[in-house]
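One structure below.
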Amino acid sequence: MANLVHSQPRYTDRLMLRPFRRRDVGTLHEAVVASMGELQPWLPWADSYDKGFAQRFIRESVGSWAERRAYDFTIRKIDEQDRHIGNVSVWPTSVQNEIGEVGYWIRSDETGKGYGSEAVGVVLGVGFEDMGLHKLTLRIAVGNIGSEAIAKRSGFTYEGILRDEVKIGDEWVDHSSWSLLASEWRNR
Ligand SMILES: CC(C)(COP(=O)(O)OP(=O)(O)OC[C@H]1O[C@@H](n2cnc3c(N)ncnc32)[C@H](O)[C@@H]1OP(=O)(O)O)[C@@H](O)C(=O)NCCC(=O)NCCS
């Protein structure tokens with residue numbers, strides 16, 4: 001059984017991250033709609049997104065946390081905590097091998113300010129310390145330079161290409177695979 005991941009807010013210099021609550025639907029929906037042009041090329045769910053999706057996502061997210069299947073965080077600025085500015089998640093992919101995966105997005109009018117990297121830094125701590133994982137992975141659509149920059153800045157190592165890994169719209173898209181070991185993270 002994986003270690004317990006507490007649900008109290010986590011803070012960086014500028015951000016507060018916490019689990020989703022049902023009343024977050026409105027601000028989550030608004031952030032997705034405002035970011036659709038940047039989400040659609042890279043994230044498969046964005047193509048068929050609607051408000052019902054946001055409601056189902058939050059319901060599923062609350063259940064997943066309780067069942068230790070995935071840990072999704074809403075990202076907020078400390079000085080503007082009512083407004084959702086992005087998601088970051090970590091979830092186990094192999095209990096046997098103590099591996100997890102990380103995913104994220106930042107709303108378009110808040111990109112380029114380092115929030116993505118700052119939020120990923122928090123879930124690396126969740127993965128390696130709270131969940132006790134040995135390795136964290138990232139899969140990034142080929143061409144997503146902004147996301148690759150987060151991977152590099154966070155200390156991940158490029159491993160190679162996963163061919164036709166995710167279907168985005170009608171297209172199968174190659175993804176790069178990245179990993180970070182607990183030992184590397186501790187020695188960072
Ligand atoms: C990718 C994304 C998460 C970046 O978020 P962000 O908050 O802008 O990230 P940061 O500000 O921490 O930027 C990290 C680095 O990427 C660079 N960067 C960010 N967006 C970029 C872009 N579109 N093109 C080139 N570089 C970019 C930044 O300059 C920064 O570089 P540095 O490390 O040299 O300073 C955001 O653009 C996004 O949500 N995109 C759509 C969804 C997505 O792609 N999610 C990831 C799926 S794997």
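Chain labels follow the order of the structure tokens: the first chain is A, the next B, and so on; residue numbering restarts at 1 in every chain, and ligands are counted from 1 in their shown order.
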
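Those residues that approach Ser147 in chain A to within 10 Å, counting only C-alpha atoms, are Trp42, Gly103, Tyr104, Trp105, Gly116, Ser117, Leu138, Arg139, Ile140, Ala141, Val142, Gly143, Asn144, Ile145, Ala149, Ile150, Ala151, Lys152 and Arg153 of chain A; same-chain residues fewer than 2 positions away are not listed.
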
(message) Please list as a list in words every residue within 10 Å of Arg76 in chain A, counting only C-alpha atoms and excluding residues in the same chain fewer than 4 positions away.
(response)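 Listing them by chain and then by number gives Tyr11, Arg14, Leu15, Met16, Leu17, Arg18, Glu80, Gln81, Asp82, Arg83, His84, Ile85, Gly86, Asn87, Tyr115 and Ala119 of chain A.
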
Kindly save the residues from that selection, with N, CA, C and O atoms included, as a PDB file, in the first residue's frame.
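Written out: out.pdb:
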ATOM      1  N   TYR A  11       2.255  24.941  -0.270  1.00  0.00           N
ATOM      2  CA  TYR A  11       2.611  26.301  -0.691  1.00  0.00           C
ATOM      3  C   TYR A  11       4.006  26.364  -1.286  1.00  0.00           C
ATOM      4  O   TYR A  11       4.917  25.664  -0.860  1.00  0.00           O
ATOM      5  N   ARG A  14       4.854  31.511  -4.464  1.00  0.00           N
ATOM      6  CA  ARG A  14       3.753  32.255  -5.110  1.00  0.00           C
ATOM      7  C   ARG A  14       2.450  31.483  -5.192  1.00  0.00           C
ATOM      8  O   ARG A  14       1.401  32.059  -5.471  1.00  0.00           O
ATOM      9  N   LEU A  15       2.505  30.179  -5.023  1.00  0.00           N
ATOM     10  CA  LEU A  15       1.357  29.329  -5.331  1.00  0.00           C
ATOM     11  C   LEU A  15       0.835  28.562  -4.123  1.00  0.00           C
ATOM     12  O   LEU A  15       1.575  28.270  -3.184  1.00  0.00           O
ATOM     13  N   MET A  16      -0.464  28.207  -4.222  1.00  0.00           N
ATOM     14  CA  MET A  16      -1.083  27.292  -3.279  1.00  0.00           C
ATOM     15  C   MET A  16      -1.691  26.165  -4.114  1.00  0.00           C
ATOM     16  O   MET A  16      -2.389  26.428  -5.098  1.00  0.00           O
ATOM     17  N   LEU A  17      -1.402  24.944  -3.749  1.00  0.00           N
ATOM     18  CA  LEU A  17      -1.965  23.789  -4.446  1.00  0.00           C
ATOM     19  C   LEU A  17      -2.784  22.977  -3.441  1.00  0.00           C
ATOM     20  O   LEU A  17      -2.311  22.726  -2.323  1.00  0.00           O
ATOM     21  N   ARG A  18      -3.980  22.565  -3.848  1.00  0.00           N
ATOM     22  CA  ARG A  18      -4.802  21.732  -2.970  1.00  0.00           C
ATOM     23  C   ARG A  18      -5.657  20.801  -3.824  1.00  0.00           C
ATOM     24  O   ARG A  18      -5.817  21.028  -5.030  1.00  0.00           O
ATOM     25  N   GLU A  80      -4.554  35.276  -4.892  1.00  0.00           N
ATOM     26  CA  GLU A  80      -5.800  35.271  -5.691  1.00  0.00           C
ATOM     27  C   GLU A  80      -6.364  33.848  -5.674  1.00  0.00           C
ATOM     28  O   GLU A  80      -6.447  33.184  -6.700  1.00  0.00           O
ATOM     29  N   GLN A  81      -6.773  33.405  -4.499  1.00  0.00           N
ATOM     30  CA  GLN A  81      -7.029  31.978  -4.320  1.00  0.00           C
ATOM     31  C   GLN A  81      -8.358  31.489  -4.882  1.00  0.00           C
ATOM     32  O   GLN A  81      -8.609  30.285  -4.918  1.00  0.00           O
ATOM     33  N   ASP A  82      -9.221  32.403  -5.338  1.00  0.00           N
ATOM     34  CA  ASP A  82     -10.502  31.961  -5.899  1.00  0.00           C
ATOM     35  C   ASP A  82     -10.373  31.512  -7.349  1.00  0.00           C
ATOM     36  O   ASP A  82     -11.302  30.933  -7.901  1.00  0.00           O
ATOM     37  N   ARG A  83      -9.243  31.819  -7.975  1.00  0.00           N
ATOM     38  CA  ARG A  83      -9.113  31.610  -9.421  1.00  0.00           C
ATOM     39  C   ARG A  83      -8.194  30.436  -9.732  1.00  0.00           C
ATOM     40  O   ARG A  83      -7.021  30.439  -9.341  1.00  0.00           O
ATOM     41  N   HIS A  84      -8.745  29.459 -10.446  1.00  0.00           N
ATOM     42  CA  HIS A  84      -7.967  28.283 -10.868  1.00  0.00           C
ATOM     43  C   HIS A  84      -7.011  28.696 -11.992  1.00  0.00           C
ATOM     44  O   HIS A  84      -7.456  29.233 -13.005  1.00  0.00           O
ATOM     45  N   ILE A  85      -5.712  28.425 -11.822  1.00  0.00           N
ATOM     46  CA  ILE A  85      -4.783  28.798 -12.917  1.00  0.00           C
ATOM     47  C   ILE A  85      -4.131  27.580 -13.571  1.00  0.00           C
ATOM     48  O   ILE A  85      -3.296  27.732 -14.461  1.00  0.00           O
ATOM     49  N   GLY A  86      -4.511  26.390 -13.151  1.00  0.00           N
ATOM     50  CA  GLY A  86      -3.977  25.209 -13.834  1.00  0.00           C
ATOM     51  C   GLY A  86      -4.110  23.961 -12.989  1.00  0.00           C
ATOM     52  O   GLY A  86      -4.509  24.027 -11.813  1.00  0.00           O
ATOM     53  N   ASN A  87      -3.823  22.836 -13.634  1.00  0.00           N
ATOM     54  CA  ASN A  87      -3.859  21.530 -12.967  1.00  0.00           C
ATOM     55  C   ASN A  87      -2.462  20.937 -12.935  1.00  0.00           C
ATOM     56  O   ASN A  87      -1.712  21.083 -13.914  1.00  0.00           O
ATOM     57  N   TYR A 115       5.054  29.350 -13.456  1.00  0.00           N
ATOM     58  CA  TYR A 115       4.105  28.649 -12.571  1.00  0.00           C
ATOM     59  C   TYR A 115       4.089  27.142 -12.840  1.00  0.00           C
ATOM     60  O   TYR A 115       3.950  26.340 -11.915  1.00  0.00           O
ATOM     61  N   ALA A 119       4.782  24.471  -9.931  1.00  0.00           N
ATOM     62  CA  ALA A 119       3.764  23.491  -9.522  1.00  0.00           C
ATOM     63  C   ALA A 119       4.285  22.064  -9.682  1.00  0.00           C
ATOM     64  O   ALA A 119       4.033  21.202  -8.835  1.00  0.00           O
TER      65      ALA A 119
END

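The two atoms in question, atom 8 (O, counted along the ligand's line) of ligand 1 and CA of Lys51 in chain A, are spaced 24.2 Å apart.
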
(request) Looking only at strand (DSSP E or B) from DSSP on the backbone, list the matching residues of range 6-172 of chain A as a PyMOL selection string. (result) chain A and resi 10-11+15-19+71-77+80+86-94+99-106+135-141+157-168+171-172

(message) Set the distance at 7 Å and use only C-alpha atoms: which residues neighbour range 170-179 of chain A once local chain neighbours fewer than 6 positions away are removed? I'd like the list as number ranges by chain.
(response) A: 135-142, 156-164

(request) Counting only C-alpha atoms and all ligand atoms, figure out which residue out of A:Leu28, A:Ala46, A:Lys113, A:Gly132 gets nearest to ligand 1. (result)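 Between A:Leu28, A:Ala46, A:Lys113, A:Gly132, the residue approaching ligand 1 most closely is A:Lys113.
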
(request) Please provide as an MDAnalysis selection string all residues within 12 Å of range 63-71 of chain A, with the sequence filter that same-chain residues fewer than 4 positions apart are discarded (counting only C-alpha atoms). (result) chainID A and resid 1:7 17:22 56:59 87:95 100:104 122:124 126:127 130:131

(request) Tell me which of A:Gly169, A:Ala34, A:Tyr49, A:Gly121 sits closest to Thr12 in chain A, counting only C-alpha atoms. (result) A:Gly121

(request) Mind giving me the straight-line distance from atom 14 (C, counted along the ligand's line) of ligand 1 to CA of Phe73 in chain A in Å, one decimal? (result)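 Here the two named atoms are 18.4 Å from each other.
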
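Taking atom 17 (C, counted along the ligand's line) of ligand 1 and CA of Lys77 in chain A as the two end points, the separation is 19.0 Å.
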
(request) Have a look at A:Gln55, A:Ser108, A:Asn187, A:Thr74 and name the one nearest to ligand 1; count only C-alpha atoms and all ligand atoms. (result) A:Ser108

(message) as a PyMOL selection string, please: every residue in chain A that a backbone DSSP assignment puts in helix (DSSP H, G or I).
(response) chain A and resi 22-39+44-48+51-66+108-110+115-130+145-153+182-186
